[in-house]
Amino acid sequence: MRVNGAAPGGTPSKPTVMPVSAPTSNLRTANALKEFVWLLGDVPQARILDLGPIWQSTVNFFAEKGFRIGSEDLLRGWKEFLSVEEESLRSHPVGIVENGADEVVPPSLAERFLESALRYPDESVHGILAWDLLDYFDAGMVPRITERLFRILRPGGAMLALFHSRPAGSFHRYRIVDHQTVEQLSAPTLAVHAHVFQNREILDLFGEFRSSKTFVGRDQIREALFLK
């Protein structure tokens, strides 16, 4: 996670920050964001992890509050991982034996992906912005991702997620405008909307969290806030 221009190991690096302007946008009221910020308001230099591309307006918003924000574009990372996997399958014959083993049983794609994704120490962040990315992963991936996110979140930390009440017609990214406004930005499609979660499914996925709160918007997007 890049925080204030530093990589996880402390090596200086240049964070990838998207510009403020964008060709197409839509503002939406985000009640869950308001509570997310309020919950973390008393935490000195709270560490926030944004699981989408980082935007300058989002950086500015949290910096003004004394928060530190980093990002990992999880869905883009998944797409790039799948591209590498597909290329590997093309270049290796079926039934190849490695390390002298009689048979190779590769781990699931989810497990292999998480060997390099979301590699942060346990209880190392105070807040996570997951946006709607869970809607775009298949059913086998989502429980593993939520389990990893739970582990890296500190006790008392908060996670904000969005869930579409019907299949999304187009792909969007999100950036923060102010404490209760999010800009929904049209973007090139990284993945097809995979699943519409019902309330019970969401509660089961986040069963380890000690509390949750949901807001339903006019655009049929549910905002959910989970507290560890």
# chains A, B, ... in the order shown; residues from 1 in each chain; ligands from 1
call {"tool": "select_by_dssp", "arguments": {"residues": "region 20-218 of chain A", "states": "strand (DSSP E)", "output": "PyMOL selection string"}}
result
chain A and resi 25-29+47-50+54-55+68-71+125-131+153-164+172-178+181-186+211-216
call {"tool": "write_last_selection", "arguments": {"atoms": "N, CA and C atoms", "output": "short mmCIF file (atom, residue, chain, number, x, y, z; two decimals), in the first residue's frame"}}
result
data_model
loop_
_atom_site.label_atom_id
_atom_site.label_comp_id
_atom_site.auth_asym_id
_atom_site.auth_seq_id
_atom_site.Cartn_x
_atom_site.Cartn_y
_atom_site.Cartn_z
N SER A 25 -19.17 12.09 -15.40
CA SER A 25 -19.29 11.88 -13.96
C SER A 25 -20.73 12.02 -13.51
N ASN A 26 -20.99 11.53 -12.31
CA ASN A 26 -22.30 11.62 -11.71
C ASN A 26 -22.13 11.68 -10.20
N LEU A 27 -22.69 12.71 -9.58
CA LEU A 27 -22.56 12.86 -8.14
C LEU A 27 -23.67 12.10 -7.43
N ARG A 28 -23.34 11.47 -6.32
CA ARG A 28 -24.34 10.77 -5.52
C ARG A 28 -24.06 11.01 -4.04
N THR A 29 -25.14 11.15 -3.28
CA THR A 29 -25.03 11.31 -1.84
C THR A 29 -24.59 9.99 -1.22
N ARG A 47 -5.05 5.33 8.98
CA ARG A 47 -4.56 4.77 7.70
C ARG A 47 -5.76 4.23 6.92
N ILE A 48 -5.95 4.74 5.71
CA ILE A 48 -7.06 4.34 4.85
C ILE A 48 -6.51 3.58 3.64
N LEU A 49 -7.16 2.48 3.29
CA LEU A 49 -6.81 1.72 2.09
C LEU A 49 -7.96 1.83 1.09
N ASP A 50 -7.67 2.40 -0.07
CA ASP A 50 -8.65 2.53 -1.15
C ASP A 50 -8.38 1.40 -2.14
N ILE A 54 -6.40 5.56 -7.12
CA ILE A 54 -6.38 6.71 -6.22
C ILE A 54 -6.59 7.98 -7.03
N TRP A 55 -7.46 8.85 -6.53
CA TRP A 55 -7.76 10.12 -7.19
C TRP A 55 -7.25 11.27 -6.34
N ARG A 68 -3.94 9.24 6.46
CA ARG A 68 -2.98 8.76 5.47
C ARG A 68 -3.69 7.74 4.59
N ILE A 69 -3.56 7.91 3.29
CA ILE A 69 -4.29 7.04 2.38
C ILE A 69 -3.34 6.37 1.40
N GLY A 70 -3.59 5.10 1.16
CA GLY A 70 -2.88 4.34 0.14
C GLY A 70 -3.89 3.63 -0.72
N SER A 71 -3.44 3.01 -1.80
CA SER A 71 -4.38 2.36 -2.70
C SER A 71 -3.81 1.07 -3.26
N VAL A 125 -4.58 -1.32 9.04
CA VAL A 125 -5.30 -0.16 8.51
C VAL A 125 -6.55 0.09 9.36
N HIS A 126 -6.96 1.35 9.40
CA HIS A 126 -8.13 1.75 10.18
C HIS A 126 -9.41 1.78 9.35
N GLY A 127 -9.29 1.98 8.06
CA GLY A 127 -10.47 2.07 7.21
C GLY A 127 -10.19 1.52 5.82
N ILE A 128 -11.19 0.89 5.21
CA ILE A 128 -11.07 0.32 3.87
C ILE A 128 -12.23 0.80 3.01
N LEU A 129 -11.91 1.31 1.83
CA LEU A 129 -12.90 1.70 0.84
C LEU A 129 -12.94 0.61 -0.24
N ALA A 130 -13.93 -0.28 -0.15
CA ALA A 130 -14.01 -1.39 -1.09
C ALA A 130 -14.86 -1.05 -2.31
N TRP A 131 -15.63 0.03 -2.24
CA TRP A 131 -16.53 0.43 -3.31
C TRP A 131 -17.39 -0.76 -3.74
N LEU A 153 -7.74 -5.19 8.84
CA LEU A 153 -8.42 -4.06 9.47
C LEU A 153 -8.21 -4.12 10.98
N ARG A 154 -7.95 -2.97 11.57
CA ARG A 154 -7.74 -2.89 13.01
C ARG A 154 -9.07 -3.03 13.76
N PRO A 155 -9.05 -3.54 15.00
CA PRO A 155 -10.27 -3.54 15.81
C PRO A 155 -10.82 -2.12 15.95
N GLY A 156 -12.11 -1.97 15.75
CA GLY A 156 -12.71 -0.64 15.75
C GLY A 156 -12.66 0.03 14.40
N GLY A 157 -11.99 -0.61 13.43
CA GLY A 157 -11.89 -0.05 12.08
C GLY A 157 -13.18 -0.23 11.30
N ALA A 158 -13.29 0.47 10.18
CA ALA A 158 -14.52 0.46 9.39
C ALA A 158 -14.21 0.14 7.93
N MET A 159 -15.17 -0.51 7.29
CA MET A 159 -15.07 -0.83 5.87
C MET A 159 -16.34 -0.39 5.18
N LEU A 160 -16.17 0.32 4.07
CA LEU A 160 -17.30 0.80 3.28
C LEU A 160 -17.35 0.02 1.98
N ALA A 161 -18.53 -0.50 1.64
CA ALA A 161 -18.71 -1.25 0.40
C ALA A 161 -20.04 -0.88 -0.24
N LEU A 162 -20.11 -1.02 -1.56
CA LEU A 162 -21.33 -0.75 -2.31
C LEU A 162 -21.78 -2.04 -3.00
N PHE A 163 -23.10 -2.24 -3.04
CA PHE A 163 -23.65 -3.42 -3.69
C PHE A 163 -24.80 -3.01 -4.60
N HIS A 164 -24.75 -3.46 -5.84
CA HIS A 164 -25.81 -3.16 -6.80
C HIS A 164 -27.01 -4.05 -6.53
N HIS A 172 -18.03 1.50 -13.37
CA HIS A 172 -17.71 2.81 -12.81
C HIS A 172 -16.56 2.74 -11.81
N ARG A 173 -15.92 3.88 -11.63
CA ARG A 173 -14.96 4.08 -10.55
C ARG A 173 -15.53 5.16 -9.64
N TYR A 174 -14.95 5.31 -8.45
CA TYR A 174 -15.51 6.23 -7.46
C TYR A 174 -14.40 7.09 -6.85
N ARG A 175 -14.72 8.37 -6.67
CA ARG A 175 -13.80 9.26 -5.96
C ARG A 175 -14.60 10.16 -5.03
N ILE A 176 -13.96 10.61 -3.99
CA ILE A 176 -14.64 11.40 -2.96
C ILE A 176 -14.59 12.88 -3.32
N VAL A 177 -15.74 13.54 -3.19
CA VAL A 177 -15.83 14.98 -3.41
C VAL A 177 -15.83 15.71 -2.08
N ASP A 178 -16.71 15.28 -1.16
CA ASP A 178 -16.70 15.82 0.19
C ASP A 178 -17.20 14.74 1.15
N THR A 181 -20.42 13.16 -0.35
CA THR A 181 -20.63 13.13 -1.79
C THR A 181 -19.53 12.33 -2.47
N VAL A 182 -19.97 11.40 -3.33
CA VAL A 182 -19.04 10.59 -4.11
C VAL A 182 -19.33 10.82 -5.58
N GLU A 183 -18.31 10.89 -6.38
CA GLU A 183 -18.45 11.03 -7.82
C GLU A 183 -18.29 9.65 -8.46
N GLN A 184 -19.29 9.27 -9.22
CA GLN A 184 -19.31 7.98 -9.91
C GLN A 184 -18.87 8.21 -11.34
N LEU A 185 -17.74 7.64 -11.72
CA LEU A 185 -17.09 7.94 -12.99
C LEU A 185 -17.18 6.77 -13.96
N SER A 186 -17.65 7.04 -15.16
CA SER A 186 -17.65 6.02 -16.20
C SER A 186 -16.20 5.67 -16.53
N SER A 211 -20.68 -5.17 13.72
CA SER A 211 -21.89 -4.43 13.40
C SER A 211 -21.87 -3.99 11.95
N SER A 212 -23.06 -3.68 11.44
CA SER A 212 -23.16 -3.22 10.06
C SER A 212 -24.34 -2.28 9.93
N LYS A 213 -24.29 -1.45 8.91
CA LYS A 213 -25.38 -0.51 8.64
C LYS A 213 -25.49 -0.35 7.13
N THR A 214 -26.72 -0.30 6.63
CA THR A 214 -26.95 -0.24 5.19
C THR A 214 -27.82 0.94 4.83
N PHE A 215 -27.48 1.59 3.72
CA PHE A 215 -28.27 2.69 3.16
C PHE A 215 -28.61 2.33 1.72
N VAL A 216 -29.85 2.50 1.32
CA VAL A 216 -30.26 2.19 -0.05
C VAL A 216 -30.52 3.49 -0.80
#
call {"tool": "atom_distance", "arguments": {"atom1": "CA of Glu201 (chain A)", "atom2": "CA of Thr189 (chain A)"}}
result
25.2 Å
call {"tool": "residues_around", "arguments": {"residues": "Arg210 (chain A)", "least_positions_apart": "3", "cutoff": "10 Å", "atoms": "only C-alpha atoms", "output": "PDB file with N, CA and C atoms, in the first residue's frame"}}
result
ATOM      1  N   PRO A 155      -9.054  -3.535  14.998  1.00  0.00           N
ATOM      2  CA  PRO A 155     -10.275  -3.540  15.812  1.00  0.00           C
ATOM      3  C   PRO A 155     -10.822  -2.124  15.951  1.00  0.00           C
ATOM      4  N   GLY A 156     -12.110  -1.969  15.752  1.00  0.00           N
ATOM      5  CA  GLY A 156     -12.713  -0.643  15.752  1.00  0.00           C
ATOM      6  C   GLY A 156     -12.661   0.029  14.399  1.00  0.00           C
ATOM      7  N   PHE A 206     -19.989 -10.911   5.864  1.00  0.00           N
ATOM      8  CA  PHE A 206     -19.364 -10.031   6.845  1.00  0.00           C
ATOM      9  C   PHE A 206     -19.757 -10.408   8.274  1.00  0.00           C
ATOM     10  N   GLY A 207     -19.994 -11.714   8.473  1.00  0.00           N
ATOM     11  CA  GLY A 207     -20.440 -12.184   9.773  1.00  0.00           C
ATOM     12  C   GLY A 207     -19.444 -11.963  10.897  1.00  0.00           C
ATOM     13  N   PHE A 226     -19.342  -1.555   7.599  1.00  0.00           N
ATOM     14  CA  PHE A 226     -19.074  -2.655   8.529  1.00  0.00           C
ATOM     15  C   PHE A 226     -18.027  -2.219   9.540  1.00  0.00           C
ATOM     16  N   LEU A 227     -18.270  -2.512  10.791  1.00  0.00           N
ATOM     17  CA  LEU A 227     -17.374  -2.119  11.884  1.00  0.00           C
ATOM     18  C   LEU A 227     -16.776  -3.368  12.503  1.00  0.00           C
ATOM     19  N   LYS A 228     -15.467  -3.405  12.608  1.00  0.00           N
ATOM     20  CA  LYS A 228     -14.780  -4.560  13.196  1.00  0.00           C
ATOM     21  C   LYS A 228     -14.704  -4.406  14.718  1.00  0.00           C
TER      22      LYS A 228
END
call {"tool": "atom_distance", "arguments": {"atom1": "CA of Phe209 (chain A)", "atom2": "CA of Gly77 (chain A)"}}
result
25.7 Å
call {"tool": "closest_residue", "arguments": {"among": "A:Phe113, A:Trp78, A:Trp38, A:Tyr120", "to": "Gly52 (chain A)", "atoms": "only C-alpha atoms"}}
result
A:Trp78
call {"tool": "decode", "arguments": {"residues": "region 177-198 of chain A", "atoms": "N, CA and C atoms", "output": "compact mmCIF listing (two decimals), in the first residue's frame"}}
result
# COMPACT_ATOMS: atom_id res chain seq x y z
N VAL A 177 -15.74 13.54 -3.19
CA VAL A 177 -15.83 14.98 -3.41
C VAL A 177 -15.83 15.71 -2.08
N ASP A 178 -16.71 15.28 -1.16
CA ASP A 178 -16.70 15.82 0.19
C ASP A 178 -17.20 14.74 1.15
N HIS A 179 -17.47 15.09 2.41
CA HIS A 179 -17.74 14.10 3.43
C HIS A 179 -19.02 13.29 3.18
N GLN A 180 -19.88 13.75 2.25
CA GLN A 180 -21.11 13.03 1.98
C GLN A 180 -21.41 12.93 0.49
N THR A 181 -20.42 13.16 -0.35
CA THR A 181 -20.63 13.13 -1.79
C THR A 181 -19.53 12.33 -2.47
N VAL A 182 -19.97 11.40 -3.33
CA VAL A 182 -19.04 10.59 -4.11
C VAL A 182 -19.33 10.82 -5.58
N GLU A 183 -18.31 10.89 -6.38
CA GLU A 183 -18.45 11.03 -7.82
C GLU A 183 -18.29 9.65 -8.46
N GLN A 184 -19.29 9.27 -9.22
CA GLN A 184 -19.31 7.98 -9.91
C GLN A 184 -18.87 8.21 -11.34
N LEU A 185 -17.74 7.64 -11.72
CA LEU A 185 -17.09 7.94 -12.99
C LEU A 185 -17.18 6.77 -13.96
N SER A 186 -17.65 7.04 -15.16
CA SER A 186 -17.65 6.02 -16.20
C SER A 186 -16.20 5.67 -16.53
N ALA A 187 -15.94 4.38 -16.72
CA ALA A 187 -14.57 3.93 -16.96
C ALA A 187 -14.59 2.72 -17.89
N PRO A 188 -13.46 2.46 -18.57
CA PRO A 188 -13.38 1.24 -19.39
C PRO A 188 -13.65 0.01 -18.53
N THR A 189 -14.39 -0.94 -19.07
CA THR A 189 -14.80 -2.11 -18.31
C THR A 189 -13.62 -3.03 -18.02
N LEU A 190 -13.37 -3.25 -16.73
CA LEU A 190 -12.33 -4.20 -16.31
C LEU A 190 -12.90 -5.60 -16.11
N ALA A 191 -14.17 -5.65 -15.70
CA ALA A 191 -14.81 -6.94 -15.43
C ALA A 191 -16.32 -6.78 -15.60
N VAL A 192 -16.98 -7.88 -15.87
CA VAL A 192 -18.43 -7.89 -16.01
C VAL A 192 -19.05 -8.10 -14.63
N HIS A 193 -20.14 -7.39 -14.37
CA HIS A 193 -20.84 -7.55 -13.09
C HIS A 193 -21.21 -9.02 -12.90
N ALA A 194 -20.75 -9.60 -11.78
CA ALA A 194 -20.85 -11.06 -11.63
C ALA A 194 -22.02 -11.52 -10.77
N HIS A 195 -22.43 -10.70 -9.78
CA HIS A 195 -23.41 -11.23 -8.83
C HIS A 195 -24.16 -10.10 -8.14
N VAL A 196 -25.46 -10.29 -7.94
CA VAL A 196 -26.27 -9.38 -7.13
C VAL A 196 -26.45 -10.02 -5.76
N PHE A 197 -25.86 -9.43 -4.74
CA PHE A 197 -25.91 -10.00 -3.40
C PHE A 197 -27.23 -9.65 -2.72
N GLN A 198 -27.85 -10.65 -2.13
CA GLN A 198 -29.02 -10.43 -1.30
C GLN A 198 -28.57 -10.05 0.11
